[in-house]
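Here is protein.cif, consisting of mmCIF, C-alpha atoms:
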data_target
loop_
_atom_site.group_PDB
_atom_site.id
_atom_site.type_symbol
_atom_site.label_atom_id
_atom_site.label_comp_id
_atom_site.auth_asym_id
_atom_site.auth_seq_id
_atom_site.Cartn_x
_atom_site.Cartn_y
_atom_site.Cartn_z
ATOM 1 C CA VAL A 1 -74.821 17.293 32.698
ATOM 2 C CA GLN A 2 -73.972 15.407 29.548
ATOM 3 C CA LEU A 3 -74.582 16.170 25.914
ATOM 4 C CA GLN A 4 -74.176 13.719 23.090
ATOM 5 C CA ALA A 5 -74.347 14.957 19.536
ATOM 6 C CA PHE A 6 -74.843 12.597 16.638
ATOM 7 C CA GLY A 7 -76.263 12.449 13.152
ATOM 8 C CA GLY A 8 -73.359 13.805 11.161
ATOM 9 C CA GLY A 9 -72.144 12.195 7.997
ATOM 10 C CA MET A 10 -71.150 12.755 4.412
ATOM 11 C CA VAL A 11 -73.640 14.143 1.922
ATOM 12 C CA GLN A 12 -73.559 15.757 -1.478
ATOM 13 C CA ALA A 13 -74.296 19.413 -1.961
ATOM 14 C CA GLY A 14 -78.019 20.035 -1.863
ATOM 15 C CA GLY A 15 -78.592 17.165 0.522
ATOM 16 C CA SER A 16 -79.897 17.234 4.062
ATOM 17 C CA LEU A 17 -79.028 15.931 7.494
ATOM 18 C CA ARG A 18 -80.586 16.130 10.908
ATOM 19 C CA LEU A 19 -78.294 16.420 13.867
ATOM 20 C CA SER A 20 -79.451 15.382 17.320
ATOM 21 C CA CYS A 21 -78.173 16.388 20.724
ATOM 22 C CA ALA A 22 -79.316 14.153 23.550
ATOM 23 C CA GLY A 23 -79.083 15.547 27.043
ATOM 24 C CA SER A 24 -78.860 13.821 30.397
ATOM 25 C CA GLY A 25 -78.713 15.138 33.921
ATOM 26 C CA PHE A 26 -80.821 18.181 33.108
ATOM 27 C CA SER A 27 -83.825 19.277 31.041
ATOM 28 C CA PHE A 28 -83.560 21.301 27.860
ATOM 29 C CA SER A 29 -86.602 23.221 29.087
ATOM 30 C CA ARG A 30 -84.404 24.843 31.723
ATOM 31 C CA VAL A 31 -81.365 25.824 29.653
ATOM 32 C CA ALA A 32 -80.446 27.963 26.705
ATOM 33 C CA THR A 33 -79.077 25.887 23.830
ATOM 34 C CA GLY A 34 -76.916 26.530 20.844
ATOM 35 C CA TRP A 35 -75.433 24.712 17.896
ATOM 36 C CA PHE A 36 -71.937 25.724 16.861
ATOM 37 C CA ARG A 37 -69.601 24.508 14.178
ATOM 38 C CA GLN A 38 -65.897 24.581 13.549
ATOM 39 C CA ALA A 39 -64.414 24.103 10.134
ATOM 40 C CA PRO A 40 -60.759 23.103 9.670
ATOM 41 C CA GLY A 41 -58.503 26.057 10.318
ATOM 42 C CA LYS A 42 -61.351 28.288 11.410
ATOM 43 C CA GLU A 43 -62.752 29.460 14.692
ATOM 44 C CA ARG A 44 -65.845 27.986 16.219
ATOM 45 C CA GLU A 45 -68.944 29.880 15.147
ATOM 46 C CA ILE A 46 -72.551 30.008 16.172
ATOM 47 C CA VAL A 47 -75.050 28.346 13.862
ATOM 48 C CA ALA A 48 -78.348 28.502 15.732
ATOM 49 C CA ALA A 49 -79.600 29.088 19.243
ATOM 50 C CA PHE A 50 -82.638 29.566 21.423
ATOM 51 C CA GLY A 51 -83.404 30.351 25.029
ATOM 52 C CA ARG A 52 -85.058 28.283 27.723
ATOM 53 C CA HIS A 53 -88.473 28.650 26.178
ATOM 54 C CA SER A 54 -87.287 28.439 22.554
ATOM 55 C CA PHE A 55 -89.667 31.218 21.511
ATOM 56 C CA ARG A 56 -87.027 33.273 19.827
ATOM 57 C CA LYS A 57 -84.516 31.561 17.612
ATOM 58 C CA TYR A 58 -81.247 32.834 16.290
ATOM 59 C CA TYR A 59 -79.676 31.720 13.027
ATOM 60 C CA SER A 60 -76.430 32.868 11.565
ATOM 61 C CA GLU A 61 -76.757 34.604 8.248
ATOM 62 C CA SER A 62 -75.014 31.773 6.448
ATOM 63 C CA VAL A 63 -77.618 29.175 7.459
ATOM 64 C CA ARG A 64 -80.787 31.212 7.812
ATOM 65 C CA GLY A 65 -83.560 29.725 5.710
ATOM 66 C CA ARG A 66 -81.786 26.367 5.405
ATOM 67 C CA PHE A 67 -81.295 25.201 8.999
ATOM 68 C CA THR A 68 -83.881 24.805 11.750
ATOM 69 C CA ILE A 69 -83.237 24.356 15.454
ATOM 70 C CA SER A 70 -85.903 22.577 17.475
ATOM 71 C CA ARG A 71 -86.312 20.417 20.538
ATOM 72 C CA ASP A 72 -88.333 17.573 21.959
ATOM 73 C CA ILE A 73 -88.629 18.044 25.703
ATOM 74 C CA ALA A 74 -90.050 14.572 26.279
ATOM 75 C CA ALA A 75 -87.038 13.052 24.538
ATOM 76 C CA ASN A 76 -84.744 15.703 26.042
ATOM 77 C CA THR A 77 -83.182 16.168 22.658
ATOM 78 C CA VAL A 78 -82.373 19.195 20.537
ATOM 79 C CA TYR A 79 -82.205 18.946 16.768
ATOM 80 C CA LEU A 80 -80.613 20.830 13.937
ATOM 81 C CA GLN A 81 -82.336 20.123 10.646
ATOM 82 C CA MET A 82 -80.038 21.086 7.800
ATOM 83 C CA LEU A 83 -81.347 21.446 4.265
ATOM 84 C CA ASP A 84 -79.702 22.422 0.996
ATOM 85 C CA LEU A 85 -76.274 21.721 2.409
ATOM 86 C CA LYS A 86 -73.295 23.396 0.829
ATOM 87 C CA PRO A 87 -69.592 22.472 0.844
ATOM 88 C CA GLU A 88 -68.955 25.459 3.122
ATOM 89 C CA ASP A 89 -71.179 23.813 5.745
ATOM 90 C CA THR A 90 -68.487 21.170 6.228
ATOM 91 C CA ALA A 91 -67.441 21.283 9.871
ATOM 92 C CA VAL A 92 -67.625 19.571 13.216
ATOM 93 C CA TYR A 93 -70.934 20.544 14.782
ATOM 94 C CA TYR A 94 -71.315 20.951 18.518
ATOM 95 C CA CYS A 95 -74.312 21.421 20.751
ATOM 96 C CA ALA A 96 -73.956 23.429 23.906
ATOM 97 C CA THR A 97 -76.092 24.505 26.829
ATOM 98 C CA ARG A 98 -76.071 27.248 29.393
ATOM 99 C CA SER A 99 -77.892 27.042 32.669
ATOM 100 C CA ASP A 100 -78.699 30.521 33.923
ATOM 101 C CA SER A 101 -82.026 31.120 35.595
ATOM 102 C CA ARG A 102 -81.220 34.841 35.749
ATOM 103 C CA ALA A 103 -81.479 35.190 32.003
ATOM 104 C CA GLY A 104 -84.847 35.818 30.418
ATOM 105 C CA ALA A 105 -86.629 32.738 29.177
ATOM 106 C CA SER A 106 -86.436 33.922 25.596
ATOM 107 C CA THR A 107 -82.823 35.065 25.768
ATOM 108 C CA TYR A 108 -80.442 33.220 23.492
ATOM 109 C CA PHE A 109 -76.669 33.384 23.462
ATOM 110 C CA THR A 110 -74.400 33.465 20.456
ATOM 111 C CA GLN A 111 -70.900 33.393 21.885
ATOM 112 C CA SER A 112 -69.120 30.165 22.717
ATOM 113 C CA TYR A 113 -67.940 31.555 26.040
ATOM 114 C CA ASP A 114 -71.574 31.930 27.102
ATOM 115 C CA TYR A 115 -71.969 28.166 27.245
ATOM 116 C CA GLY A 116 -70.695 25.916 29.996
ATOM 117 C CA TYR A 117 -71.579 22.467 28.694
ATOM 118 C CA TRP A 118 -70.596 21.014 25.348
ATOM 119 C CA GLY A 119 -71.232 17.839 23.428
ATOM 120 C CA GLN A 120 -68.389 15.976 21.761
ATOM 121 C CA GLY A 121 -69.146 17.138 18.226
ATOM 122 C CA THR A 122 -70.302 15.359 15.109
ATOM 123 C CA LEU A 123 -68.656 15.736 11.713
ATOM 124 C CA VAL A 124 -70.615 16.927 8.699
ATOM 125 C CA THR A 125 -68.919 16.678 5.326
ATOM 126 C CA VAL A 126 -70.581 18.133 2.243
ATOM 127 C CA SER A 127 -69.087 17.254 -1.113
ATOM 128 C CA SER A 128 -69.552 19.334 -4.240
#

Could you spell out this file's structure in structure tokens?
Amino acid sequence: VQLQAFGGGMVQAGGSLRLSCAGSGFSFSRVATGWFRQAPGKEREIVAAFGRHSFRKYYSESVRGRFTISRDIAANTVYLQMLDLKPEDTAVYYCATRSDSRAGASTYFTQSYDYGYWGQGTLVTVSS
């Protein structure tokens, strides 16, 4: 299982970015997936997540209405579309997956310890 996150960069406040997380060695249709971020000096926090079937989506309060998590099974890639970016969105963003067939297909997970596989992170910098 490998995850590769990319798409980060530097944007001005109000701008947008789309992060991608390409998976190999597994299918995103069989795992729960989450996007996390870690700002300098802060703990890693959940941004968005969905379960194996992606029916139900979770968004943290700070990004709800601005960020959208989605996936392309054919491309085996998960995305995080980020709109109206703010300086406080500056962080390294990570994608993560959890393979657990016991969990319900719509169950998502919001704690970092719930995930066993992590991408390397991609830096997003939002200037004011």

Could I get the residues of segment 46-77 of chain A with an atom no further than 7 Å from an atom of segment 22-31 of chain A, each paired with its nearest atom pair and that distance in Å to one decimal, using all atoms listed in the file, sorted by chain and residue number, as JSON lines?
{"residue": "A:Gly51", "atom": "CA", "partner": "A:Val31", "partner_atom": "CA", "distance": 6.8}
{"residue": "A:Arg52", "atom": "CA", "partner": "A:Val31", "partner_atom": "CA", "distance": 4.8}
{"residue": "A:His53", "atom": "CA", "partner": "A:Ser29", "partner_atom": "CA", "distance": 6.4}
{"residue": "A:Ile73", "atom": "CA", "partner": "A:Phe28", "partner_atom": "CA", "distance": 6.4}
{"residue": "A:Asn76", "atom": "CA", "partner": "A:Gly23", "partner_atom": "CA", "distance": 5.8}
{"residue": "A:Thr77", "atom": "CA", "partner": "A:Ala22", "partner_atom": "CA", "distance": 4.4}

Residues selected by the PyMOL selection byres ((chain A and resi 84) around 10), written as a list in words: Gln12, Ala13, Gly14, Gly15, Ser16, Leu17, Val63, Gly65, Arg66, Phe67, Met82, Leu83, Leu85, Lys86 and Asp89 of chain A

Selected residue of minimal separation from Pro87 of chain A among A:Leu3, A:Ile46, A:Gly9, A:Val126, counting all atoms listed in the file: A:Val126

Non-local contacts of Arg37 of chain A (9 Å; only C-alpha atoms; under 2 positions in same chain excluded) as a ChimeraX atom specification: /A:35,39,43-47,89-95,121

Output check: residues returned by the PyMOL selection byres ((chain A and resi 69) around 12), as a ChimeraX atom specification: /A:18-21,33-36,47-51,54-60,63-68,70-72,77-83,95
